[in-house]
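Below is upload_10.cif, holding mmCIF, C-alpha atoms.
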```
data_query
loop_
_atom_site.label_atom_id
_atom_site.label_comp_id
_atom_site.auth_asym_id
_atom_site.auth_seq_id
_atom_site.Cartn_x
_atom_site.Cartn_y
_atom_site.Cartn_z
CA MET A 12 167.41 129.33 136.87
CA LYS A 13 169.54 126.30 137.56
CA PRO A 14 172.05 125.32 134.82
CA LEU A 15 170.64 121.82 134.45
CA VAL A 16 167.15 123.21 133.73
CA LEU A 17 168.59 125.42 130.97
CA TYR A 18 170.25 122.47 129.25
CA GLN A 19 167.12 120.37 129.60
CA LEU A 20 165.03 123.14 128.05
CA ALA A 21 167.47 123.18 125.11
CA SER A 22 167.01 119.43 124.62
CA LEU A 23 163.24 119.93 124.94
CA VAL A 24 163.46 122.41 122.04
CA LEU A 25 165.26 119.73 120.00
CA LEU A 26 162.62 117.13 120.88
CA GLY A 27 159.77 119.45 119.94
CA ALA A 28 161.37 120.46 116.65
CA GLY A 29 162.03 116.81 115.80
CA LEU A 30 158.43 115.80 116.50
CA ALA A 31 157.08 118.74 114.46
CA GLY A 32 159.35 117.85 111.54
CA LEU A 33 158.36 114.18 111.71
CA VAL A 34 154.68 115.12 111.39
CA LYS A 35 155.09 117.95 108.87
CA ARG A 36 157.63 116.57 106.39
CA ARG A 37 156.35 114.70 103.35
CA THR A 38 159.54 113.01 102.17
CA LEU A 39 161.48 110.23 103.87
CA VAL A 40 164.72 112.24 103.90
CA GLY A 41 163.01 115.14 105.66
CA MET A 42 161.64 112.76 108.29
CA LEU A 43 165.14 111.29 108.79
CA ILE A 44 166.51 114.79 109.46
CA ALA A 45 163.80 115.27 112.12
CA VAL A 46 164.69 111.96 113.80
CA GLU A 47 168.35 113.02 113.99
CA LEU A 48 167.24 116.22 115.77
CA MET A 49 165.40 114.19 118.42
CA LEU A 50 168.32 111.81 118.98
CA ASN A 51 170.58 114.83 119.49
CA GLY A 52 168.23 116.18 122.12
CA ALA A 53 168.40 112.85 123.96
CA GLY A 54 172.20 112.91 123.92
CA LEU A 55 172.39 116.47 125.20
CA SER A 56 169.93 115.66 127.99
CA ILE A 57 171.89 112.59 129.12
CA VAL A 58 175.25 114.39 129.19
CA ALA A 59 173.82 117.45 130.97
CA ALA A 60 172.05 115.31 133.58
CA THR A 61 175.21 113.41 134.49
CA GLN A 62 177.74 116.26 134.21
CA LEU A 63 175.78 118.65 136.44
CA THR A 64 174.56 116.29 139.18
CA GLY A 65 176.33 113.85 141.43
CA ALA A 66 175.64 111.00 138.99
CA ASP A 67 178.38 109.01 137.28
CA ALA A 68 179.65 111.44 134.61
CA THR A 69 181.68 108.79 132.78
CA LEU A 70 178.60 106.60 132.40
CA GLY A 71 176.64 109.53 130.94
CA GLN A 72 179.26 110.27 128.31
CA LEU A 73 179.51 106.58 127.36
CA ALA A 74 175.71 106.36 127.10
CA THR A 75 175.67 109.31 124.71
CA LEU A 76 178.43 107.71 122.64
CA LEU A 77 176.17 104.64 122.43
CA VAL A 78 173.27 106.83 121.27
CA MET A 79 175.51 108.35 118.58
CA GLY A 80 176.58 104.91 117.37
CA LEU A 81 172.97 103.73 117.21
CA ALA A 82 172.03 106.92 115.33
CA ALA A 83 174.74 106.18 112.77
CA ALA A 84 173.49 102.60 112.33
CA GLU A 85 169.89 103.79 112.04
CA ALA A 86 170.81 106.41 109.44
CA THR A 87 172.68 103.82 107.36
CA VAL A 88 169.76 101.38 107.24
CA ALA A 89 167.17 104.14 106.72
CA LEU A 90 169.11 105.57 103.78
CA ALA A 91 169.46 102.12 102.20
CA ALA A 92 165.69 101.71 102.59
CA ILE A 93 165.19 105.11 100.96
CA VAL A 94 167.29 103.97 97.98
CA VAL A 95 165.16 100.82 97.65
CA VAL A 96 161.90 102.85 97.89
CA PHE A 97 163.21 105.26 95.26
CA ARG A 98 164.04 102.41 92.90
CA ARG A 99 160.58 100.89 93.24
CA PHE A 100 158.40 104.02 93.25
CA GLY A 101 160.58 106.63 91.57
CA HIS A 102 160.10 109.11 94.43
CA THR A 103 160.18 109.20 98.25
CA ARG A 104 156.95 111.08 99.05
CA THR A 105 155.32 109.45 102.05
CA ASP A 106 151.72 110.19 101.00
CA ALA A 107 152.09 107.98 97.91
CA LEU A 108 153.88 105.04 99.58
CA THR A 109 150.87 102.91 100.41
CA THR A 110 151.63 99.47 98.96
CA LEU A 111 153.90 96.84 100.41
CA ARG A 112 153.72 94.18 97.70
CA GLU A 113 155.23 94.32 94.24
CA GLN A 114 153.11 95.98 91.58
CA GLN A 115 151.82 93.39 89.13
CA MET B 20 176.63 130.36 135.95
CA GLU B 21 179.18 133.09 135.25
CA THR B 22 178.30 135.83 132.78
CA PRO B 23 180.56 134.57 129.93
CA ALA B 24 179.07 131.10 130.33
CA ILE B 25 175.55 132.54 130.12
CA LEU B 26 176.51 134.51 127.00
CA ALA B 27 178.02 131.40 125.37
CA PHE B 28 174.97 129.35 126.35
CA GLY B 29 172.66 131.97 124.86
CA PHE B 30 174.65 132.01 121.62
CA TYR B 31 174.58 128.21 121.26
CA PHE B 32 170.88 128.16 122.19
CA LEU B 33 170.19 130.71 119.45
CA VAL B 34 172.15 128.61 116.93
CA ILE B 35 170.13 125.53 117.94
CA VAL B 36 166.76 127.30 117.67
CA VAL B 37 167.54 128.88 114.29
CA GLY B 38 168.92 125.56 113.02
CA CYS B 39 165.80 123.73 114.21
CA PHE B 40 163.52 126.17 112.40
CA MET B 41 165.57 125.76 109.22
CA ALA B 42 165.65 121.95 109.52
CA VAL B 43 161.89 121.72 110.00
CA GLY B 44 160.55 124.66 108.02
CA CYS B 45 162.65 125.08 104.88
CA ALA B 46 161.04 124.07 101.60
CA SER B 47 164.39 123.06 100.16
CA LEU B 48 165.78 119.91 101.74
CA VAL B 49 169.36 121.10 101.16
CA ARG B 50 168.64 124.12 103.36
CA ALA B 51 167.00 121.83 105.92
CA LEU B 52 170.24 119.81 105.98
CA VAL B 53 172.25 123.01 106.53
CA GLY B 54 169.90 123.76 109.43
CA LEU B 55 170.57 120.29 110.83
CA VAL B 56 174.34 120.90 110.62
CA ALA B 57 173.92 124.25 112.44
CA THR B 58 171.92 122.52 115.18
CA LEU B 59 174.53 119.78 115.54
CA LEU B 60 177.30 122.39 115.85
CA GLY B 61 175.25 124.24 118.49
CA VAL B 62 174.84 121.03 120.49
CA ALA B 63 178.60 120.42 120.14
CA GLY B 64 179.15 123.90 121.65
CA MET B 65 176.89 122.97 124.55
CA TYR B 66 178.97 119.83 125.12
CA LEU B 67 182.04 122.08 125.31
CA LEU B 68 180.24 124.26 127.88
CA LEU B 69 179.43 121.10 129.84
CA ASN B 70 183.16 120.38 130.10
CA ALA B 71 182.89 117.34 127.81
CA PRO B 72 185.21 118.24 124.90
CA PHE B 73 185.50 114.59 123.79
CA MET B 74 181.74 114.45 123.29
CA ALA B 75 181.86 117.69 121.30
CA PHE B 76 184.48 116.32 118.93
CA MET B 77 182.65 112.99 118.60
CA GLN B 78 179.47 114.94 117.83
CA ILE B 79 181.20 116.81 115.00
CA LEU B 80 183.00 113.68 113.76
CA ILE B 81 180.04 111.27 113.79
CA TYR B 82 177.05 113.52 113.14
CA VAL B 83 178.42 116.29 110.93
CA GLY B 84 181.16 114.22 109.36
CA ALA B 85 179.37 110.92 108.77
CA ILE B 86 175.58 111.14 109.11
CA CYS B 87 175.10 114.50 107.38
CA VAL B 88 177.30 113.47 104.46
CA LEU B 89 175.25 110.24 104.21
CA ILE B 90 171.98 112.21 104.21
CA PHE B 91 173.43 114.52 101.58
CA PHE B 92 174.01 111.55 99.28
CA ALA B 93 170.40 110.44 99.82
CA LEU B 94 169.26 113.96 98.97
CA MET B 95 170.41 113.37 95.42
CA LEU B 96 167.59 110.82 95.12
CA ALA B 97 164.88 113.10 96.49
CA ARG B 98 163.77 116.10 94.50
CA ALA B 99 165.35 118.40 97.03
CA ASP B 100 165.48 121.74 95.23
CA ALA B 101 163.26 124.67 96.09
CA ASP B 102 160.46 123.47 93.77
CA GLY B 103 160.81 119.79 94.66
CA ASP B 104 158.69 117.47 96.78
CA GLU B 105 158.52 119.73 99.82
CA ALA B 106 158.00 122.94 97.85
CA ASP B 107 154.25 123.56 97.94
CA PRO B 108 153.28 124.60 101.45
CA ALA B 109 152.08 121.72 103.57
CA PRO B 110 148.29 121.44 103.91
CA ALA B 111 147.03 123.44 106.86
CA PRO B 112 145.89 120.47 109.01
CA ARG B 113 149.34 118.95 108.60
CA THR B 114 151.12 122.12 109.73
CA PHE B 115 148.68 122.41 112.64
CA LYS B 116 149.38 118.81 113.67
CA GLY B 117 153.13 119.53 113.46
CA ILE B 118 152.83 122.56 115.75
CA LEU B 119 150.67 120.48 118.12
CA ALA B 120 153.29 117.71 118.14
CA ALA B 121 155.96 120.25 119.03
CA MET B 122 153.86 121.91 121.74
CA LEU B 123 152.70 118.72 123.46
CA PRO B 124 156.02 117.59 125.03
CA GLY B 125 156.88 121.22 125.75
CA ALA B 126 153.59 121.81 127.56
CA LEU B 127 153.94 118.54 129.47
CA LEU B 128 157.63 118.61 130.41
CA ALA B 129 158.57 122.29 130.66
CA PRO B 130 156.33 123.05 133.69
CA ILE B 131 157.68 119.98 135.48
CA LEU B 132 161.25 121.07 134.76
CA MET B 133 160.57 124.63 135.94
CA LEU B 134 158.56 123.76 139.05
CA HIS B 135 160.73 120.90 140.31
CA PRO B 136 164.31 121.67 139.30
CA THR B 137 166.83 119.01 140.23
CA ALA B 138 169.69 120.15 142.42
CA SER B 139 172.55 120.78 140.02
CA LYS B 140 176.21 121.70 140.35
CA LEU B 141 177.52 125.00 138.99
CA ILE B 142 180.79 123.45 137.79
CA PRO B 143 180.38 120.41 135.52
CA ALA B 144 182.22 117.24 136.47
CA GLU B 145 185.53 116.61 134.75
CA VAL B 146 186.08 113.21 133.13
CA PRO B 147 189.60 112.40 131.94
CA LEU B 148 189.77 110.67 128.58
CA ALA B 149 191.76 107.76 130.04
CA GLU B 150 188.92 107.11 132.49
CA LEU B 151 186.42 106.93 129.61
CA GLY B 152 188.59 104.39 127.79
CA ARG B 153 189.20 102.33 130.92
CA ARG B 154 185.49 102.08 131.74
CA LEU B 155 184.74 101.20 128.12
CA MET B 156 187.22 98.35 128.22
CA GLU B 157 186.51 97.07 131.73
CA ASP B 158 182.96 97.75 132.95
CA TYR B 159 181.08 98.30 129.72
CA VAL B 160 182.91 95.99 127.35
CA LEU B 161 179.70 94.14 126.40
CA PRO B 162 177.81 97.24 125.14
CA PHE B 163 180.98 98.33 123.37
CA GLU B 164 181.22 95.03 121.49
CA LEU B 165 177.47 94.94 120.86
CA ILE B 166 177.47 98.39 119.27
CA SER B 167 180.22 97.33 116.90
CA VAL B 168 178.18 94.24 115.97
CA VAL B 169 175.11 96.46 115.39
CA LEU B 170 177.15 98.79 113.18
CA LEU B 171 178.56 95.87 111.20
CA ILE B 172 175.12 94.32 110.69
CA SER B 173 173.56 97.63 109.64
CA MET B 174 176.42 98.24 107.20
CA ALA B 175 176.07 94.74 105.72
CA GLY B 176 172.29 95.16 105.61
CA ALA B 177 172.60 98.46 103.75
CA VAL B 178 174.92 96.90 101.16
CA LEU B 179 172.56 93.92 100.80
CA LEU B 180 169.49 96.17 100.38
CA VAL B 181 170.91 98.26 97.57
CA TRP B 182 172.75 95.38 95.88
CA GLU B 183 172.02 95.03 92.16
CA ARG B 184 172.65 91.73 90.46
CA ARG B 185 174.66 92.14 87.34
CA ASP B 186 173.05 89.26 85.45
CA LYS B 187 169.52 90.66 85.83
#
```
Would you put the structure from the file into structure tokens?
Amino acid sequence: MKPLVLYQLASLVLLGAGLAGLVKRRTLVGMLIAVELMLNGAGLSIVAATQLTGADATLGQLATLLVMGLAAAEATVALAAIVVVFRRFGHTRTDALTTLREQQ
Amino acid sequence: METPAILAFGFYFLVIVVGCFMAVGCASLVRALVGLVATLLGVAGMYLLLNAPFMAFMQILIYVGAICVLIFFALMLARADADGDEADPAPAPRTFKGILAAMLPGALLAPILMLHPTASKLIPAEVPLAELGRRLMEDYVLPFELISVVLLISMAGAVLLVWERRDK
């Protein structure tokens, strides 16, 4: 099997695990962990595709750095949102978060 | 690939798969986070195998060092222990949907990858660190500046969201 296919299968495993976690988890933190798994799979796929073909390898590494930076920004905002949800509801279970407006 | 490379790849692949199962399946969110860290370290090993050591160190620095520590702080808000929010087994339809969600991209993409493999080199390309920095400062200076603006805004937004007025 070609090396690139092996790396892409590894990132496919990460994507599948992330999707499964996103559906299965019932707390916001668990879902955030699943999203990080998927973003990692994307990064691995980009780097493998540019390192192992004739494509511009520098561009691939810079693109993955960009993905990592966006993941950090996303995690920051998501965690702040989790803190706000926890203050308002007292928990972060997704099945009970069904209202947007303030409770009267 | 050479035999040692295949062995190393297999080891990292195993670490990633075990870490994924822990991150998705564990009832305790702390253990799920440990699984996430294992997965991130496995991916960092794959970056090393791909001859991209800078990416491997950035992976450990940003993901393990920053994001996982951040998630760990948020875990203190969730009831993360073994009898917390995730403790009782998920209802069967939910688990079934999760397995389906994992299988769908695999069933769609894996056959395509196997049947039509892209021509790939055996030796990964080598990118000197100076070249990365030069491209970042010359060709891709706009994305570089934009990502710092995005990080600044998200940081300010996070502070603003969790701000508590003292006079309230």
Listed atoms of segment 166-181 of chain B boxed axis-aligned with 3 Å per side, centre + edges as AutoDock Vina command-line options:
```
--center_x 174.9 --center_y 96.4 --center_z 108.4 --size_x 16.7 --size_y 10.9 --size_z 27.7
```
Selection result for the PyMOL selection byres ((chain B and resi 58) around 10) on this file, as a VMD selection string
(chain A and resid 25 48 51) or (chain B and resid 31 to 42 52 to 57 59 to 64 83)
Take the selection from the previous step and output its residues with C-alpha atoms, as an mmCIF file, in the coordinates of the input.
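The result, stored in out_6.cif:
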```
data_model
loop_
_atom_site.group_PDB
_atom_site.id
_atom_site.type_symbol
_atom_site.label_atom_id
_atom_site.label_comp_id
_atom_site.auth_asym_id
_atom_site.auth_seq_id
_atom_site.Cartn_x
_atom_site.Cartn_y
_atom_site.Cartn_z
ATOM 1 C CA LEU A 25 165.260 119.730 120.000
ATOM 2 C CA LEU A 48 167.240 116.220 115.770
ATOM 3 C CA ASN A 51 170.580 114.830 119.490
ATOM 4 C CA TYR B 31 174.580 128.210 121.260
ATOM 5 C CA PHE B 32 170.880 128.160 122.190
ATOM 6 C CA LEU B 33 170.190 130.710 119.450
ATOM 7 C CA VAL B 34 172.150 128.610 116.930
ATOM 8 C CA ILE B 35 170.130 125.530 117.940
ATOM 9 C CA VAL B 36 166.760 127.300 117.670
ATOM 10 C CA VAL B 37 167.540 128.880 114.290
ATOM 11 C CA GLY B 38 168.920 125.560 113.020
ATOM 12 C CA CYS B 39 165.800 123.730 114.210
ATOM 13 C CA PHE B 40 163.520 126.170 112.400
ATOM 14 C CA MET B 41 165.570 125.760 109.220
ATOM 15 C CA ALA B 42 165.650 121.950 109.520
ATOM 16 C CA LEU B 52 170.240 119.810 105.980
ATOM 17 C CA VAL B 53 172.250 123.010 106.530
ATOM 18 C CA GLY B 54 169.900 123.760 109.430
ATOM 19 C CA LEU B 55 170.570 120.290 110.830
ATOM 20 C CA VAL B 56 174.340 120.900 110.620
ATOM 21 C CA ALA B 57 173.920 124.250 112.440
ATOM 22 C CA LEU B 59 174.530 119.780 115.540
ATOM 23 C CA LEU B 60 177.300 122.390 115.850
ATOM 24 C CA GLY B 61 175.250 124.240 118.490
ATOM 25 C CA VAL B 62 174.840 121.030 120.490
ATOM 26 C CA ALA B 63 178.600 120.420 120.140
ATOM 27 C CA GLY B 64 179.150 123.900 121.650
ATOM 28 C CA VAL B 83 178.420 116.290 110.930
#
```
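Against the coordinates shown, the PyMOL selection byres ((chain B and resi 136-143) around 9) returns Met12, Lys13, Pro14, Leu15, Val16, Ala59, Ala60, Thr61, Gln62, Leu63, Thr64 and Gly65 of chain A; Met20, Leu68, Leu69, Asn70, Ala71, Ile131, Leu132, Met133, Leu134, His135, Ala144 and Glu145 of chain B.
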List the neighbours of Met49 of chain A out to 8 Å using all atoms listed in the file; skip same-chain residues closer than 4 positions along the sequence, and give me the result as a PyMOL selection string.
chain A and resi 25-30+45+53
Do you know which residues the PyMOL selection byres ((chain A and resi 67-79) around 10) returns on this file, as an NGL selection string?
(:A and (47 or 50-51 or 53-66 or 80-85)) or (:B and (71 or 73-74 or 77-78 or 81-82 or 86 or 143-148 or 150-152 or 154-155 or 158-159 or 162-163 or 165-166))
So the first atom is atom CA of Thr38 of chain A and the second is atom CA of Ala107 of chain A; what is the distance between them in Å, to one decimal place?
9.9 Å
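Relative to atom CA of Ala31 of chain A, atom CA of Thr114 of chain B is found at 8.3 Å.
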